[in-house]
Structures are given as C-alpha cells and as structure tokens.
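Structure data follow from start_2.txt (compact mmCIF, C-alpha atoms):
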```txt
# COMPACT_ATOMS: atom_id res chain seq x y z
CA MET K 18 -20.67 -14.89 26.34
CA SER K 19 -17.75 -13.84 24.16
CA LEU K 20 -18.06 -16.66 21.61
CA HIS K 21 -18.88 -15.39 18.10
CA PRO K 22 -22.56 -16.05 17.17
CA THR K 23 -21.64 -18.19 14.14
CA LEU K 24 -19.52 -20.45 16.39
CA GLN K 25 -22.15 -20.89 19.11
CA PRO K 26 -24.18 -23.64 17.35
CA TYR K 27 -21.02 -25.72 16.92
CA ALA K 28 -20.05 -25.18 20.57
CA ASP K 29 -23.55 -26.20 21.67
CA ALA K 30 -23.53 -29.32 19.48
CA TRP K 31 -20.05 -30.28 20.71
CA THR K 32 -21.08 -29.80 24.35
CA HIS K 33 -24.21 -31.92 23.92
CA SER K 34 -22.28 -34.82 22.37
CA ILE K 35 -19.20 -34.69 24.60
CA ASP K 36 -21.45 -34.69 27.69
CA ALA K 37 -23.31 -37.70 26.26
CA ILE K 38 -20.01 -39.53 25.71
CA SER K 39 -18.91 -38.79 29.29
CA GLU K 40 -22.22 -40.11 30.58
CA LEU K 41 -21.99 -43.26 28.44
CA VAL K 42 -18.50 -44.26 29.55
CA GLN K 43 -18.56 -43.21 33.21
CA PRO K 44 -20.19 -46.44 34.51
CA LEU K 45 -18.33 -48.90 32.24
CA VAL K 46 -16.55 -51.87 33.78
CA GLU K 47 -13.11 -52.78 32.45
CA GLY K 48 -14.26 -55.38 29.92
CA GLU K 49 -16.71 -52.99 28.28
CA TRP K 50 -13.86 -50.68 27.26
CA ASN K 51 -12.68 -53.41 24.89
CA ARG K 52 -15.96 -53.77 23.01
CA ARG K 53 -15.71 -53.32 19.28
CA THR K 54 -17.38 -50.26 17.77
CA PRO K 55 -18.59 -49.72 14.18
CA CYS K 56 -15.56 -47.44 13.71
CA PRO K 57 -13.19 -49.78 11.81
CA ALA K 58 -10.64 -51.53 14.09
CA TRP K 59 -11.41 -49.31 17.12
CA SER K 60 -12.73 -50.38 20.51
CA VAL K 61 -14.68 -48.22 22.95
CA ARG K 62 -11.34 -47.28 24.59
CA ASP K 63 -9.87 -46.38 21.18
CA VAL K 64 -12.77 -44.12 20.25
CA VAL K 65 -12.61 -42.27 23.57
CA SER K 66 -8.81 -42.00 23.21
CA HIS K 67 -9.27 -40.43 19.79
CA VAL K 68 -11.80 -37.93 21.14
CA ILE K 69 -9.48 -36.99 24.03
CA GLY K 70 -6.50 -36.67 21.68
CA MET K 71 -8.27 -34.42 19.18
CA GLU K 72 -9.60 -32.16 21.93
CA CYS K 73 -6.06 -31.90 23.35
CA GLU K 74 -4.90 -30.77 19.92
CA MET K 75 -7.62 -28.09 19.89
CA LEU K 76 -6.15 -26.96 23.21
CA GLY K 77 -2.71 -26.65 21.61
CA ASP K 78 -1.14 -29.50 23.61
CA PRO K 79 1.96 -31.08 22.02
CA ARG K 80 1.34 -34.38 20.24
CA PRO K 81 2.61 -37.49 22.04
CA ILE K 82 6.07 -38.79 21.15
CA HIS K 83 5.21 -42.38 20.42
CA THR K 84 6.18 -45.11 17.96
CA LEU K 85 3.31 -47.11 16.52
CA PRO K 86 3.62 -50.92 16.58
CA ARG K 87 4.23 -52.53 13.19
CA ASP K 88 1.26 -54.91 13.47
CA LEU K 89 -1.52 -52.32 13.19
CA PHE K 90 -2.73 -53.62 9.84
CA HIS K 91 -5.67 -51.19 9.66
CA VAL K 92 -3.21 -48.28 9.51
CA THR K 93 -2.29 -47.92 5.83
CA ASN K 94 -1.81 -44.21 5.13
CA GLU K 95 -0.48 -41.00 6.65
CA HIS K 96 -3.88 -39.76 7.83
CA GLN K 97 -4.54 -43.02 9.67
CA ARG K 98 -1.05 -42.97 11.20
CA TYR K 99 -1.68 -39.44 12.45
CA MET K 100 -5.01 -40.40 14.04
CA GLU K 101 -3.72 -43.68 15.48
CA MET K 102 -0.97 -41.98 17.50
CA GLN K 103 -3.38 -40.46 20.05
CA VAL K 104 -5.21 -43.80 20.22
CA ASP K 105 -2.32 -46.23 20.57
CA VAL K 106 -0.60 -44.17 23.28
CA ARG K 107 -3.66 -44.81 25.50
CA ARG K 108 -4.28 -48.47 24.59
CA HIS K 109 -3.19 -49.77 28.01
CA HIS K 110 -4.96 -47.13 30.09
CA THR K 111 -7.53 -48.39 32.57
CA GLY K 112 -11.18 -47.35 32.60
CA PRO K 113 -10.71 -44.92 35.52
CA GLU K 114 -7.67 -43.39 33.79
CA MET K 115 -9.74 -42.89 30.63
CA THR K 116 -12.72 -41.30 32.36
CA SER K 117 -10.57 -38.98 34.49
CA GLU K 118 -8.55 -37.80 31.47
CA LEU K 119 -11.76 -37.27 29.47
CA GLU K 120 -13.30 -35.30 32.33
CA TYR K 121 -10.18 -33.13 32.74
CA THR K 122 -9.96 -32.50 28.97
CA VAL K 123 -13.64 -31.51 28.77
CA ILE K 124 -13.17 -29.06 31.68
CA ARG K 125 -10.21 -27.48 29.88
CA ARG K 126 -12.07 -27.28 26.56
CA ASN K 127 -15.15 -25.74 28.20
CA ARG K 128 -12.88 -23.11 29.75
CA GLN K 129 -11.29 -22.47 26.35
CA LEU K 130 -14.73 -22.02 24.73
CA ARG K 131 -15.88 -19.67 27.50
CA ASN K 132 -12.82 -17.48 26.90
CA GLU K 133 -12.83 -17.73 23.09
CA THR K 134 -12.72 -14.27 21.49
CA ARG K 135 -11.14 -15.10 18.11
CA GLU K 136 -13.02 -14.44 14.88
CA PRO K 137 -14.48 -17.45 12.99
CA GLY K 138 -12.02 -16.90 10.13
CA THR K 139 -8.91 -17.13 12.33
CA ARG K 140 -6.55 -19.86 11.15
CA VAL K 141 -5.84 -22.56 13.74
CA ARG K 142 -3.72 -25.70 13.91
CA GLY K 143 -5.35 -28.70 12.25
CA PRO K 144 -4.44 -32.36 11.72
CA LEU K 145 -1.46 -33.21 9.49
CA GLY K 146 -0.25 -29.63 9.29
CA SER K 147 -3.53 -28.24 7.95
CA ASP K 148 -4.67 -24.78 8.98
CA PRO K 149 -8.49 -24.69 9.01
CA THR K 150 -10.40 -21.63 10.14
CA LEU K 151 -11.66 -21.67 13.71
CA GLU K 152 -15.20 -22.10 12.34
CA GLU K 153 -14.18 -25.12 10.25
CA ALA K 154 -12.27 -26.64 13.18
CA MET K 155 -15.22 -26.24 15.59
CA ARG K 156 -17.67 -27.58 13.01
CA ASN K 157 -15.42 -30.60 12.44
CA ARG K 158 -15.14 -31.26 16.18
CA ALA K 159 -18.95 -31.05 16.59
CA PHE K 160 -19.33 -33.52 13.71
CA ASP K 161 -16.60 -35.85 14.95
CA VAL K 162 -17.80 -36.16 18.53
CA TRP K 163 -21.41 -36.77 17.41
CA VAL K 164 -20.35 -39.54 15.01
CA HIS K 165 -18.19 -41.13 17.72
CA GLU K 166 -21.01 -40.79 20.23
CA GLN K 167 -23.05 -42.90 17.80
CA ASP K 168 -20.17 -45.42 17.54
CA LEU K 169 -20.16 -45.78 21.32
CA ARG K 170 -23.94 -46.05 21.51
CA ALA K 171 -23.88 -48.87 18.94
CA ALA K 172 -21.13 -50.73 20.80
CA LEU K 173 -22.85 -50.36 24.18
CA GLY K 174 -26.43 -50.96 23.02
CA ARG K 175 -27.52 -47.46 24.07
CA PRO K 176 -29.17 -45.88 20.99
CA GLY K 177 -30.16 -42.22 21.09
CA ASN K 178 -29.47 -38.61 20.08
CA LEU K 179 -30.02 -39.27 16.38
CA ASP K 180 -31.74 -35.87 16.18
CA SER K 181 -29.48 -33.93 18.58
CA PRO K 182 -27.70 -30.66 17.61
CA GLY K 183 -24.70 -32.69 16.47
CA ALA K 184 -26.92 -34.68 14.10
CA HIS K 185 -27.86 -31.49 12.27
CA VAL K 186 -24.21 -30.46 11.99
CA ALA K 187 -23.51 -33.93 10.58
CA ARG K 188 -26.39 -33.63 8.10
CA ASP K 189 -25.03 -30.35 6.70
CA LEU K 190 -21.45 -31.63 6.46
CA LEU K 191 -22.42 -34.90 4.79
CA LEU K 192 -24.76 -33.18 2.32
CA ALA K 193 -22.01 -30.72 1.38
CA ALA K 194 -19.90 -33.73 0.33
CA LEU K 195 -22.65 -35.36 -1.74
CA PRO K 196 -22.08 -33.46 -5.05
CA LYS K 197 -18.46 -34.70 -5.16
CA VAL K 198 -19.60 -38.27 -4.38
CA VAL K 199 -22.08 -38.25 -7.27
CA ALA K 200 -20.28 -36.16 -9.90
CA LYS K 201 -16.61 -37.00 -9.35
CA ASP K 202 -16.26 -40.19 -7.31
CA ALA K 203 -19.18 -42.10 -8.85
CA GLY K 204 -18.64 -40.37 -12.23
CA LEU K 205 -22.27 -39.80 -13.19
CA PRO K 206 -22.71 -38.44 -16.71
CA PRO K 207 -23.26 -34.70 -17.38
CA GLY K 208 -26.90 -33.65 -17.33
CA SER K 209 -27.96 -36.34 -14.88
CA ALA K 210 -29.68 -35.96 -11.51
CA VAL K 211 -29.81 -38.11 -8.37
CA VAL K 212 -32.51 -37.80 -5.70
CA VAL K 213 -31.74 -38.77 -2.09
CA ASP K 214 -34.76 -39.05 0.19
CA VAL K 215 -33.95 -39.56 3.87
CA HIS K 216 -36.55 -40.25 6.57
CA GLY K 217 -36.41 -40.76 10.33
CA PRO K 218 -35.29 -38.47 13.18
CA VAL K 219 -33.60 -36.17 10.63
CA GLU K 220 -35.50 -35.86 7.34
CA PHE K 221 -34.57 -34.26 4.02
CA LEU K 222 -34.95 -34.64 0.26
CA ARG K 223 -32.09 -33.40 -1.91
CA THR K 224 -31.30 -33.52 -5.61
CA VAL K 225 -27.72 -33.66 -6.82
CA ARG K 226 -27.35 -32.38 -10.39
CA VAL K 227 -24.35 -32.86 -12.66
CA ASP K 228 -23.87 -29.98 -15.11
CA GLU K 229 -22.47 -30.21 -18.64
CA GLU K 230 -18.92 -29.70 -17.32
CA GLY K 231 -19.34 -32.63 -14.93
CA ARG K 232 -19.61 -30.48 -11.79
CA GLY K 233 -22.07 -31.42 -9.08
CA SER K 234 -24.47 -29.17 -7.18
CA ILE K 235 -27.19 -29.84 -4.62
CA ASP K 236 -30.60 -28.33 -3.93
CA GLY K 237 -33.93 -29.12 -2.32
CA ALA K 238 -36.03 -29.13 -5.51
CA PRO K 239 -37.18 -32.58 -6.69
CA SER K 240 -36.06 -33.82 -10.10
CA LEU K 241 -38.65 -35.07 -12.59
CA GLY K 242 -36.36 -37.60 -14.23
CA PRO K 243 -33.52 -38.70 -11.94
CA VAL K 244 -31.21 -41.43 -13.18
CA VAL K 245 -31.09 -42.77 -9.61
CA SER K 246 -33.37 -42.34 -6.58
CA LEU K 247 -32.26 -43.51 -3.15
CA THR K 248 -34.62 -43.74 -0.18
CA LEU K 249 -33.19 -44.67 3.22
CA ASP K 250 -33.43 -43.87 6.91
CA TRP K 251 -31.20 -41.30 8.61
CA GLU K 252 -29.21 -43.79 10.69
CA THR K 253 -28.37 -45.88 7.62
CA TYR K 254 -27.39 -42.73 5.69
CA VAL K 255 -24.95 -41.75 8.46
CA ARG K 256 -23.47 -45.23 8.77
CA LEU K 257 -22.92 -45.42 5.01
CA ALA K 258 -21.54 -41.88 4.65
CA CYS K 259 -19.17 -42.38 7.61
CA GLY K 260 -17.87 -45.71 6.35
CA ARG K 261 -19.36 -47.74 9.20
CA VAL K 262 -21.13 -50.23 6.91
CA THR K 263 -21.09 -51.26 3.26
CA ALA K 264 -24.16 -50.86 1.07
CA ASP K 265 -24.39 -54.65 0.77
CA ALA K 266 -24.65 -54.99 4.56
CA VAL K 267 -27.67 -52.64 4.73
CA ALA K 268 -29.25 -53.41 1.34
CA ASP K 269 -32.57 -54.21 3.05
CA ARG K 270 -32.70 -50.62 4.39
CA ILE K 271 -32.07 -48.90 1.04
CA LYS K 272 -34.72 -48.51 -1.65
CA ALA K 273 -32.98 -47.81 -4.94
CA GLU K 274 -34.65 -46.97 -8.25
CA GLY K 275 -33.04 -46.24 -11.61
CA ASP K 276 -29.89 -47.32 -13.39
CA PRO K 277 -28.38 -50.25 -11.42
CA GLU K 278 -24.77 -49.57 -12.50
CA LEU K 279 -24.95 -45.90 -11.54
CA THR K 280 -26.66 -46.82 -8.27
CA ALA K 281 -23.84 -49.24 -7.45
CA ALA K 282 -21.22 -46.60 -8.30
CA ILE K 283 -22.86 -44.04 -5.98
CA LEU K 284 -23.19 -46.47 -3.08
CA LEU K 285 -19.58 -47.63 -3.55
CA ALA K 286 -18.39 -44.00 -3.29
CA PHE K 287 -20.81 -43.02 -0.50
CA ALA K 288 -18.34 -42.95 2.41
CA VAL K 289 -16.86 -39.45 2.76
CA THR K 290 -14.96 -39.61 6.06
CA PRO K 291 -11.29 -40.70 5.82
```
Show me this structure written as structure tokens.
Amino acid sequence: MSLHPTLQPYADAWTHSIDAISELVQPLVEGEWNRRTPCPAWSVRDVVSHVIGMECEMLGDPRPIHTLPRDLFHVTNEHQRYMEMQVDVRRHHTGPEMTSELEYTVIRRNRQLRNETREPGTRVRGPLGSDPTLEEAMRNRAFDVWVHEQDLRAALGRPGNLDSPGAHVARDLLLAALPKVVAKDAGLPPGSAVVVDVHGPVEFLRTVRVDEEGRGSIDGAPSLGPVVSLTLDWETYVRLACGRVTADAVADRIKAEGDPELTAAILLAFAVTP
C-alpha cells in the first residue's frame, strides 16, 4: 500500500462511510430519494449528489457548467452557491442514475487512493479556490461523508455507525473548533472555563479555557469552577455542531449548569459547519 501512514486512517474512515451510503441508497424506490434529510433544504437525492460532486472534485474533474435557479431561497452566500451547483445539476436524475454514478465515482476514488503516493503536506484543489493539504482534504472528506451518512440514516430511519471510524474523525474535527466557539463566537470572558461532557457511542470530557487575552484552548482535565457545564449525548452533540438542529429543539437532551446567558451564547454559536 503506497498511501502515507498518516493518511490511512482518513482513507479507512472514508471507505467505511461511503460504502455505508452506497448500501443505504442501493435499494431505494423513486419516492424515497425525495425524502427530506436533517441537512437544511436537502433531500436524500441532494445529499448523495453533493457526495458524488465533492468526490469528483477530489478526482480533479471539471465542475459542471450550470446556472442555478433563482428560487433556491436556502442559497444565500458564495459557499452555499458553490456547494449547490453539484446538487442542482443532478436534481432530475433518477434513482438508478444516482446509484450508478455513485458506484462509478467510488470505484474511481478507490483507484485514486490505491495509487496515491503524494505526501500529506501536498497542496491540492479545494472548494472555492482554497488549497488545503492532501491530509486536510482527506480528513474533510472522511468527516463530510460520515456526517452525510448520518443525514441519510435519519431520513431513511436506519440509525447506525455512530461509533464508526468516521465518527472519531468527526469528534476530533468538531473538538478542534470548540475553543473558537466558546472564546470568540460566544464571547466568554477571559479566565473562564467551560466543561463539555459527552456520553454515548463516542464519549469524552473536555474543558475549554479562555486565557487573559481572550484566546481559547482545550484539554481533557476537568475544571473545578466552570462558568458553564454541558452534558449531552454524542448524537445530539453532532447534530448541534453540524447545524442539523437548534438547541431549543433538543433542550430535553442537554443538561446545562452555570450562567444561563453564557450557556445560551455557547449553544447559539455551537454549529461549526458552513
């Protein structure tokens, strides 16, 4: 195997989730492709279209030449326009067309991974003209396909894989974003600490600390006097952090202790995916 050892976990997580998505959508009848998912404004077909489109971009395929309709009211910024292009171009594709394109794209991507000899730090093409490293791009794809696998599972009533390799990639990515959520977005005061205790298939306890300059950091040591403590299950954490639900909608699944205004500010800023 020529894949660099630091890239292998992301390749494994991606493979696990993309295979699960293929298995989920293979038997769907036409009407099921139109089911709404927790991903705002996207159906099952839209989510699979997005996955196909992003994998085609990893392959270096040219982006579709396509004009978006004017009535897509959920598309309000440049990032959303970029993502919607690969989705809208497939909106009228049938179920068999979707599954065959997904299957073909996965075959091509597996071949690409088998032949991948580039170093993790190599710059590659990313969305909106960005140039992430190969490691960042593969980590983001592993994260993205796992989150969308969960979107599809929710839409189709097929829960599972909350502790799969992709879940652990998601945990690390979401935790890396937590200091910014607490210190910058929620604006917690210098010298304060927030404890997040997550239970379920993926478990962790982390403390986010805000230093005197207002910068956030995260560690696994408990804080003796946190201004806010949040206790919630892993699935709720993911749904909140990925913008699939509001805190109000899952209030019964969150145990919050401490300053109510600071708690509200953290939960309002909790979503970290665009």
Fewer than 5 positions away in the same chain doesn't count, so skip those; otherwise give me all residues within 12 Å of Val92 in chain K, counting only C-alpha atoms, as a ChimeraX atom specification.
-> /K:57-59,85-87,97-102,104-105,291
Using CA of His33 in chain K and CA of Ser117 in chain K as the two end points, give the distance in Å to one decimal.
->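 Computing it gives 18.6 Å between the two atoms.
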Who sits within 9 Å of Glu252 in chain K, only C-alpha atoms, same chain under 6 positions skipped, as a list of chain:residue names |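 The filter keeps K:Leu179, K:Gly217, K:Pro218, K:Val219.
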Pick out the residues sitting within 6 Å of range 194-198 of chain K, and hand them over as a list in words; count only C-alpha atoms, and ignore anything fewer than 5 positions along from it in its own chain.
-> Ala203, Val225, Gly233, Ser234 and Ala286 of chain K
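Between Thr23 in chain K and the candidates K:Val213, K:Val123, K:Leu151, K:Leu285, the tightest atom-to-atom separation, counting all atoms listed in the file, involves K:Leu151.
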